[in-house]
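J.: As input, take input.pdb (PDB, C-alpha atoms, pLDDT in the B column):
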ATOM      1  CA  MET E   1     221.204 214.263  61.111  1.00 88.00           C
ATOM      2  CA  LYS E   2     217.644 214.717  62.384  1.00 88.00           C
ATOM      3  CA  GLU E   3     217.844 211.722  64.717  1.00 91.00           C
ATOM      4  CA  GLU E   4     219.454 211.282  68.109  1.00 95.00           C
ATOM      5  CA  THR E   5     221.900 208.595  67.068  1.00 97.00           C
ATOM      6  CA  LYS E   6     225.662 208.244  66.902  1.00 97.00           C
ATOM      7  CA  GLU E   7     225.440 208.726  63.127  1.00 97.00           C
ATOM      8  CA  GLY E   8     223.300 211.828  63.623  1.00 97.00           C
ATOM      9  CA  ALA E   9     225.826 213.291  66.056  1.00 98.00           C
ATOM     10  CA  GLU E  10     228.669 212.673  63.614  1.00 98.00           C
ATOM     11  CA  ALA E  11     226.676 214.212  60.762  1.00 97.00           C
ATOM     12  CA  ALA E  12     226.005 217.279  62.934  1.00 98.00           C
ATOM     13  CA  ILE E  13     229.719 217.679  63.652  1.00 98.00           C
ATOM     14  CA  ARG E  14     230.574 217.414  59.959  1.00 97.00           C
ATOM     15  CA  TYR E  15     227.842 219.946  59.189  1.00 98.00           C
ATOM     16  CA  PHE E  16     229.244 222.322  61.820  1.00 98.00           C
ATOM     17  CA  TRP E  17     232.630 222.296  60.085  1.00 97.00           C
ATOM     18  CA  ASP E  18     230.996 222.821  56.668  1.00 96.00           C
ATOM     19  CA  VAL E  19     229.110 225.840  58.009  1.00 97.00           C
ATOM     20  CA  HIS E  20     232.253 227.113  59.729  1.00 96.00           C
ATOM     21  CA  TYR E  21     234.051 227.005  56.372  1.00 94.00           C
ATOM     22  CA  TYR E  22     231.178 228.923  54.758  1.00 96.00           C
ATOM     23  CA  ALA E  23     231.476 231.579  57.485  1.00 96.00           C
ATOM     24  CA  GLU E  24     235.233 231.807  56.895  1.00 92.00           C
ATOM     25  CA  GLN E  25     234.702 232.345  53.181  1.00 93.00           C
ATOM     26  CA  THR E  26     231.852 234.843  53.440  1.00 94.00           C
ATOM     27  CA  GLY E  27     231.947 236.483  56.862  1.00 94.00           C
ATOM     28  CA  ASP E  28     228.286 235.467  57.274  1.00 97.00           C
ATOM     29  CA  THR E  29     228.067 233.825  60.709  1.00 97.00           C
ATOM     30  CA  GLU E  30     224.276 233.736  61.111  1.00 98.00           C
ATOM     31  CA  LEU E  31     223.924 230.004  60.387  1.00 98.00           C
ATOM     32  CA  LEU E  32     227.064 229.170  62.365  1.00 98.00           C
ATOM     33  CA  ASP E  33     225.692 231.047  65.368  1.00 98.00           C
ATOM     34  CA  SER E  34     222.529 228.919  65.310  1.00 97.00           C
ATOM     35  CA  LEU E  35     224.529 225.702  65.693  1.00 98.00           C
ATOM     36  CA  TYR E  36     226.156 226.158  69.085  1.00 98.00           C
ATOM     37  CA  SER E  37     225.249 226.831  72.699  1.00 97.00           C
ATOM     38  CA  GLU E  38     226.589 229.526  74.999  1.00 96.00           C
ATOM     39  CA  TYR E  39     228.974 226.902  76.419  1.00 96.00           C
ATOM     40  CA  CYS E  40     231.042 226.578  73.232  1.00 98.00           C
ATOM     41  CA  GLU E  41     233.876 229.051  73.758  1.00 98.00           C
ATOM     42  CA  PHE E  42     235.654 228.148  70.505  1.00 97.00           C
ATOM     43  CA  CYS E  43     232.422 228.696  68.565  1.00 98.00           C
ATOM     44  CA  GLN E  44     231.808 232.111  70.102  1.00 98.00           C
ATOM     45  CA  PHE E  45     235.411 233.234  69.671  1.00 97.00           C
ATOM     46  CA  SER E  46     235.561 232.005  66.081  1.00 94.00           C
ATOM     47  CA  SER E  47     232.281 233.692  65.127  1.00 97.00           C
ATOM     48  CA  ASN E  48     233.284 236.983  66.754  1.00 96.00           C
ATOM     49  CA  ASP E  49     236.735 236.847  65.148  1.00 93.00           C
ATOM     50  CA  LEU E  50     235.275 236.265  61.679  1.00 93.00           C
ATOM     51  CA  GLN E  51     232.769 239.085  62.127  1.00 94.00           C
ATOM     52  CA  MET E  52     235.532 241.506  63.122  1.00 93.00           C
ATOM     53  CA  ILE E  53     237.822 240.504  60.255  1.00 91.00           C
ATOM     54  CA  TYR E  54     235.123 241.049  57.646  1.00 93.00           C
ATOM     55  CA  LYS E  55     233.805 244.198  59.354  1.00 93.00           C
ATOM     56  CA  ASP E  56     237.288 245.673  59.060  1.00 89.00           C
ATOM     57  CA  GLY E  57     237.453 244.791  55.344  1.00 91.00           C
ATOM     58  CA  GLY E  58     239.539 241.665  55.820  1.00 89.00           C
ATOM     59  CA  TRP E  59     239.085 238.217  54.328  1.00 85.00           C
ATOM     60  CA  TYR E  60     240.042 234.552  54.674  1.00 80.00           C
ATOM     61  CA  THR E  61     241.000 231.932  52.161  1.00 73.00           C
ATOM     62  CA  GLY E  62     241.785 228.302  52.713  1.00 72.00           C
ATOM     63  CA  THR E  63     240.387 224.855  52.356  1.00 79.00           C
ATOM     64  CA  GLU E  64     237.534 223.030  53.992  1.00 87.00           C
ATOM     65  CA  VAL E  65     238.176 221.011  57.104  1.00 90.00           C
ATOM     66  CA  GLN E  66     238.672 217.338  56.398  1.00 94.00           C
ATOM     67  CA  ILE E  67     237.738 215.001  59.235  1.00 96.00           C
ATOM     68  CA  ASP E  68     240.350 212.241  59.008  1.00 96.00           C
ATOM     69  CA  SER E  69     238.791 210.165  61.769  1.00 97.00           C
ATOM     70  CA  ILE E  70     235.971 210.447  64.258  1.00 98.00           C
ATOM     71  CA  LEU E  71     235.244 208.291  67.305  1.00 98.00           C
ATOM     72  CA  THR E  72     231.910 208.958  68.971  1.00 98.00           C
ATOM     73  CA  HIS E  73     230.296 207.684  72.147  1.00 97.00           C
ATOM     74  CA  ARG E  74     227.255 208.517  74.227  1.00 98.00           C
ATOM     75  CA  SER E  75     227.577 210.988  77.108  1.00 97.00           C
ATOM     76  CA  GLU E  76     225.211 212.156  79.845  1.00 95.00           C
ATOM     77  CA  THR E  77     223.900 215.010  77.704  1.00 94.00           C
ATOM     78  CA  GLY E  78     224.372 213.713  74.157  1.00 97.00           C
ATOM     79  CA  TYR E  79     227.489 212.521  72.364  1.00 98.00           C
ATOM     80  CA  VAL E  80     231.210 213.207  72.627  1.00 98.00           C
ATOM     81  CA  SER E  81     233.504 212.764  69.631  1.00 98.00           C
ATOM     82  CA  THR E  82     237.257 212.703  69.307  1.00 98.00           C
ATOM     83  CA  LEU E  83     238.318 213.993  65.894  1.00 97.00           C
ATOM     84  CA  LEU E  84     241.471 214.172  63.862  1.00 96.00           C
ATOM     85  CA  VAL E  85     241.075 217.182  61.576  1.00 95.00           C
ATOM     86  CA  THR E  86     243.135 218.421  58.643  1.00 92.00           C
ATOM     87  CA  LYS E  87     242.785 222.036  57.612  1.00 83.00           C
ATOM     88  CA  GLY E  88     244.560 223.609  54.673  1.00 71.00           C
ATOM     89  CA  GLY E  89     246.391 226.876  54.959  1.00 60.00           C
ATOM     90  CA  VAL E  90     244.212 229.788  55.974  1.00 54.00           C
ATOM     91  CA  VAL E  91     245.351 233.230  54.951  1.00 53.00           C
ATOM     92  CA  PRO E  92     243.906 236.125  56.913  1.00 54.00           C
ATOM     93  CA  GLU E  93     244.447 239.539  55.409  1.00 54.00           C
ATOM     94  CA  ASN E  94     247.625 240.109  57.410  1.00 54.00           C
ATOM     95  CA  GLY E  95     249.596 236.871  56.888  1.00 56.00           C
ATOM     96  CA  ASP E  96     249.852 233.171  56.329  1.00 54.00           C
ATOM     97  CA  VAL E  97     248.899 230.329  58.607  1.00 57.00           C
ATOM     98  CA  GLU E  98     250.311 227.000  57.552  1.00 55.00           C
ATOM     99  CA  ALA E  99     248.207 223.938  56.890  1.00 62.00           C
ATOM    100  CA  ALA E 100     247.841 221.538  59.789  1.00 74.00           C
ATOM    101  CA  SER E 101     247.104 217.854  59.481  1.00 84.00           C
ATOM    102  CA  GLU E 102     245.467 215.440  61.884  1.00 89.00           C
ATOM    103  CA  GLN E 103     244.829 217.987  64.602  1.00 92.00           C
ATOM    104  CA  PRO E 104     243.094 216.476  67.657  1.00 96.00           C
ATOM    105  CA  TRP E 105     239.724 218.011  68.575  1.00 97.00           C
ATOM    106  CA  ILE E 106     236.956 217.104  71.017  1.00 98.00           C
ATOM    107  CA  ALA E 107     233.335 217.856  70.148  1.00 98.00           C
ATOM    108  CA  GLU E 108     230.341 217.582  72.464  1.00 98.00           C
ATOM    109  CA  VAL E 109     226.887 217.760  70.926  1.00 98.00           C
ATOM    110  CA  SER E 110     223.364 217.468  72.277  1.00 98.00           C
ATOM    111  CA  PHE E 111     220.072 216.859  70.513  1.00 97.00           C
ATOM    112  CA  ASN E 112     216.830 218.803  70.960  1.00 93.00           C
ATOM    113  CA  PRO E 113     214.013 216.367  70.092  1.00 91.00           C
ATOM    114  CA  GLU E 114     211.418 219.161  69.885  1.00 90.00           C
ATOM    115  CA  SER E 115     213.229 220.874  67.026  1.00 90.00           C
ATOM    116  CA  SER E 116     215.143 217.818  65.723  1.00 90.00           C
ATOM    117  CA  HIS E 117     218.216 220.050  65.928  1.00 95.00           C
ATOM    118  CA  TRP E 118     221.745 219.294  67.143  1.00 97.00           C
ATOM    119  CA  ILE E 119     223.658 221.866  69.193  1.00 98.00           C
ATOM    120  CA  VAL E 120     227.439 222.005  69.585  1.00 98.00           C
ATOM    121  CA  ASP E 121     228.094 222.434  73.302  1.00 98.00           C
ATOM    122  CA  GLU E 122     231.852 222.282  72.976  1.00 98.00           C
ATOM    123  CA  MET E 123     234.432 222.192  70.223  1.00 98.00           C
ATOM    124  CA  SER E 124     237.972 222.285  71.527  1.00 97.00           C
ATOM    125  CA  TYR E 125     241.432 221.850  70.074  1.00 95.00           C
ATOM    126  CA  GLU E 126     243.400 219.342  72.126  1.00 95.00           C
ATOM    127  CA  GLY E 127     246.826 219.633  70.519  1.00 87.00           C
ATOM    128  CA  SER E 128     249.842 221.830  71.058  1.00 80.00           C
ATOM    129  CA  ILE E 129     249.659 225.350  69.723  1.00 69.00           C
ATOM    130  CA  GLY E 130     252.055 225.828  66.813  1.00 56.00           C
ATOM    131  CA  SER E 131     252.455 222.145  65.930  1.00 45.00           C
ATOM    132  CA  ASN E 132     251.291 220.407  62.770  1.00 46.00           C
TER     133      ASN E 132
END
Write out the structure in this file as structure tokens.

T.:
Amino acid sequence: MKEETKEGAEAAIRYFWDVHYYAEQTGDTELLDSLYSEYCEFCQFSSNDLQMIYKDGGWYTGTEVQIDSILTHRSETGYVSTLLVTKGGVVPENGDVEAASEQPWIAEVSFNPESSHWIVDEMSYEGSIGSN
């Protein structure tokens, strides 16, 4: 993950989802916030949402994201990946959200060679809202 390669980009995307799951389970978004740029709207929204839920005494449960498939290619600024993601049911304090399998996502990541650190520039859901 510390190299600017296709495999490094894919490892960074998997790591992002692992850290996102940690933030869901704990409400601690500090590490998550260090992984994305100001261009990642999903990342910002998700982090802010988690902070508010835990600040208000709420909680989340659920399962880790499973990346069912990932196709990655080089872009002008780094790498772009198309993902199929399965996420188990997440239960916020106020209700159930059903599990969703093979959801289509697009991830764009860039590599900073000075810090050997990947940054998520975009993570976006490309499916229909409300479909599994």

J.: Excluding Ile70 (chain E) and residues on its chain fewer than 6 positions from it, collect all residues at most 7 Å away from it, counting all atoms listed in the file, and give them as a list in words.

T.: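 Using all atoms listed in the file, the neighbours found are Ser81, Thr82, Leu83 and Leu84 of chain E.
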
J.: Ranking E:Asp49, E:Ile119, E:Ser37, E:Asp28 by minimum distance to Tyr15 (chain E) and counting all atoms listed in the file, which one comes first?

T.: E:Ile119

J.: Which of these, E:Asp121, E:Glu38, E:Glu64, E:Glu126, has the shortest distance to Ala23 (chain E) once you count all atoms listed in the file?

T.: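 Closest residue, counting all atoms listed in the file: E:Glu64.
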
J.: My list of candidates is E:Tyr39, E:Tyr125, E:Tyr21, E:Trp118. Which is closest to Thr63 (chain E) when distances are computed with all atoms listed in the file?

T.: E:Tyr21

J.: Could you check which of E:Glu24, E:Asp68, E:Glu30, E:Glu3 is closest to Ser101 (chain E), using only C-alpha atoms?

T.: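 Answer, going by the shortest atom-to-atom distance: E:Asp68.
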
J.: I'd like the contact shell of Thr86 (chain E) - 7 Å cut-off, only C-alpha atoms, skipping same-chain residues fewer than 5 positions apart - returned as JSON, numbers by chain.

T.: {"E": [65, 66, 67, 68, 100, 101, 102, 103]}

J.: Go ahead and write the selection's residues with C-alpha atoms as a short mmCIF file (atom, residue, chain, number, x, y, z; two decimals), in the frame of the given file.

T.:
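What follows is the written file out_19.cif:
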data_model
loop_
_atom_site.label_atom_id
_atom_site.label_comp_id
_atom_site.auth_asym_id
_atom_site.auth_seq_id
_atom_site.Cartn_x
_atom_site.Cartn_y
_atom_site.Cartn_z
CA VAL E 65 238.18 221.01 57.10
CA GLN E 66 238.67 217.34 56.40
CA ILE E 67 237.74 215.00 59.24
CA ASP E 68 240.35 212.24 59.01
CA ALA E 100 247.84 221.54 59.79
CA SER E 101 247.10 217.85 59.48
CA GLU E 102 245.47 215.44 61.88
CA GLN E 103 244.83 217.99 64.60
#

J.: Residues at most 12 Å from Gln44 (chain E), counting all atoms listed in the file, excluding those fewer than 4 positions away in the same chain, as a ChimeraX atom specification?

T.: /E:20,29-30,32-40,48-51,120-124

J.: Rounded to one decimal place, report the CA of Phe42 (chain E)-CA of Gly8 (chain E) distance in Å.

T.: 21.6 Å

J.: Using all atoms listed in the file, which protein or nucleic acid residues come within 8 Å of Ile13 (chain E)? Drop anything in the same chain fewer than 4 positions from it, and give the result as number ranges by chain.

T.: E: 9, 17, 107, 109, 120

J.: Write a file of the selected residues as a PDB file, keeping the file's coordinate frame, keeping C-alpha atoms.

T.:
ATOM      1  CA  ALA E   9     225.826 213.291  66.056  1.00 98.00           C
ATOM      2  CA  TRP E  17     232.630 222.296  60.085  1.00 97.00           C
ATOM      3  CA  ALA E 107     233.335 217.856  70.148  1.00 98.00           C
ATOM      4  CA  VAL E 109     226.887 217.760  70.926  1.00 98.00           C
ATOM      5  CA  VAL E 120     227.439 222.005  69.585  1.00 98.00           C
TER       6      VAL E 120
END

J.: Using all atoms listed in the file, can you tell me which of E:Phe111, E:Phe16, E:Tyr54, E:Trp59 comes closest to Tyr79 (chain E)?

T.: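 Ranked by minimum distance to Tyr79 (chain E), first place goes to E:Phe111.
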